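Novice: Sending over a structure as structure tokens; questions will come in a sec.
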Amino acid sequence: MRVIPRASALNERIVQDANAAFSIPGSVVFEEGKGGLPVCKLTHKNGGTAEVYLFGACVTSWCQPSGDEVLFVRPDAVWDKSKPISGGIPICFPRFGPSPEMQQHGFARNVDWVVCSSSADPNPDDPEPSVMFKLKDNDYTREMWDVGFEATYEVTLRRDKLKIEFCVRNPPDAEKPIDFTAAVHTYVEVVDAASPECLVRGLKGKRYVDKAIDTENLAPEPCAGDVTFGTGLIDRVFQETEPEALLHVGTGAAVSVENTHGWTDTVVWNPHETLDKEGTWKKFVCVESAAISKKVTLDPEKVWRAETNLCVIDL
């Protein structure tokens, strides 16, 4: 008789239950992914795909119909829930960056989310598969952040875009407002971050905080032009940015990161050799939709909604 380890049996049951309640043939399916962790796979009828793990509600893949991968997952990523998944699109909430209250970037990327809905028929002639996850406060979150909250995270695979929508609600029975910072920490695959052809455009004139220089002296300065990489750590928080930033990936294409709603800031990060000496840093750049220069404050019953759309553009 085959003996199934407890964690494996639990993951298997989660996948079975999710498929029973939310799978849509040809569009939405749940499987055991890396490390046996439950993952949702979205498939568009044009051949595009996306994958979202229930752990951290982390998008780990978005493939074009051609099979080309847009996102990047680091080779040092672990799949045993001992730490957040390193790559894809981790969710930073309810804190961005280091915090005395909790782990870096908050707890949302380090907990299991629950599937609450799926869809594939906003337009029956061109189904847009989507999956929504939810996270509520619990004993673990209250150890770090002693407030009630309800969060949802929806990933929709459109014909030519990946849409992600993050919502936070302060429950009706809350006694006071809550405040938080948040971001979606998008890792995009590039040919060579050290190349002058790899750059971020659309931030010229925007004021930014250069966290690579001095994390204690956070006086913003204006951006003189395109952001390039290869000379050292890039860790910049651009404040009150335009809706779109373009990451030129070095193939003659760019990835548009569109802060469609709710997000106020854009973070650009590449660790250079602070990550490793083997050159992994050359394979990705992070362009992150964020709300961090000013905390979001929510009164009881209020909902904050943020939306990002990613799109590949031929230059």
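Residues in the structure tokens are named by chain (A, B, ... in the order shown) and by number from 1 within that chain; ligands are numbered from 1 in the order shown.
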Considering only C-alpha atoms, tabulate each residue of stretch 50-106 of chain A that lies at most 10 Å from stretch 152-159 of chain A along with its nearest interatomic pair and the corresponding distance in Å to one decimal; arrange the rows by chain and ascending residue number and present them as a Markdown table.
Specialist:
| residue | atom | partner | partner_atom | distance |
| --- | --- | --- | --- | --- |
| A:Ala50 | CA | A:Leu157 | CA | 6.9 |
| A:Glu51 | CA | A:Val155 | CA | 9.4 |
| A:Val52 | CA | A:Val155 | CA | 8.1 |
| A:Ala57 | CA | A:Tyr153 | CA | 7.4 |
| A:Cys58 | CA | A:Tyr153 | CA | 9.8 |
| A:Val59 | CA | A:Val155 | CA | 8.2 |
| A:Trp62 | CA | A:Leu157 | CA | 8.6 |
| A:Gln64 | CA | A:Arg159 | CA | 9.3 |
| A:Pro65 | CA | A:Arg159 | CA | 9.2 |
| A:Ile91 | CA | A:Tyr153 | CA | 9.2 |
Novice: Quick check for you: according to DSSP on this backbone, which residues of stretch 75-244 of chain A are classed as helix (DSSP H, G or I)? Reply as a list in words.
Specialist: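 Result set for stretch 75-244 of chain A (helix (DSSP H, G or I)): Ala108, Arg109, Asn110, Asp139, Tyr140, Thr141, Arg142, Glu143 and Met144 of chain A.
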Novice: Please identify all polymer residues within 9 Å of stretch 101-111 of chain A, counting only C-alpha atoms, omitting same-chain residues fewer than 4 positions from it, and present them as a count of residues only.
Specialist: 25
Novice: Could the residues of stretch 187-227 of chain A that have an atom at most 7 Å from stretch 248-271 of chain A be listed as JSON lines, each with its closest atom pair and the distance in Å to one decimal, counting only C-alpha atoms and ordered by chain and ascending residue number?
Specialist:
{"residue": "A:Val190", "atom": "CA", "partner": "A:Val249", "partner_atom": "CA", "distance": 4.5}
{"residue": "A:Val191", "atom": "CA", "partner": "A:Gly250", "partner_atom": "CA", "distance": 5.4}
{"residue": "A:Asp192", "atom": "CA", "partner": "A:Gly250", "partner_atom": "CA", "distance": 7.0}
{"residue": "A:Glu197", "atom": "CA", "partner": "A:Gly250", "partner_atom": "CA", "distance": 5.3}
{"residue": "A:Cys198", "atom": "CA", "partner": "A:His248", "partner_atom": "CA", "distance": 5.2}
{"residue": "A:Leu199", "atom": "CA", "partner": "A:His248", "partner_atom": "CA", "distance": 5.3}
{"residue": "A:Val200", "atom": "CA", "partner": "A:His248", "partner_atom": "CA", "distance": 6.2}
Novice: Separation of atom CA of A:Pro127 and atom CA of A:Cys311, in Å?
Specialist: 17.6 Å
Novice: So which residues touch A:Lys295 within 9 Å, counting only C-alpha atoms, skipping near sequence neighbours fewer than 6 positions away, as a list in words?
Specialist: Asp179, Phe180, Thr181 and Ala182 of chain A
Novice: Selection from above, C-alpha atoms, as an mmCIF file, in the first residue's frame, can you write it?
Specialist:
data_model
loop_
_atom_site.group_PDB
_atom_site.id
_atom_site.type_symbol
_atom_site.label_atom_id
_atom_site.label_comp_id
_atom_site.auth_asym_id
_atom_site.auth_seq_id
_atom_site.Cartn_x
_atom_site.Cartn_y
_atom_site.Cartn_z
ATOM 1 C CA ASP A 179 -3.413 51.437 6.911
ATOM 2 C CA PHE A 180 -0.940 49.543 4.782
ATOM 3 C CA THR A 181 1.482 49.642 1.891
ATOM 4 C CA ALA A 182 1.427 47.166 -0.979
#
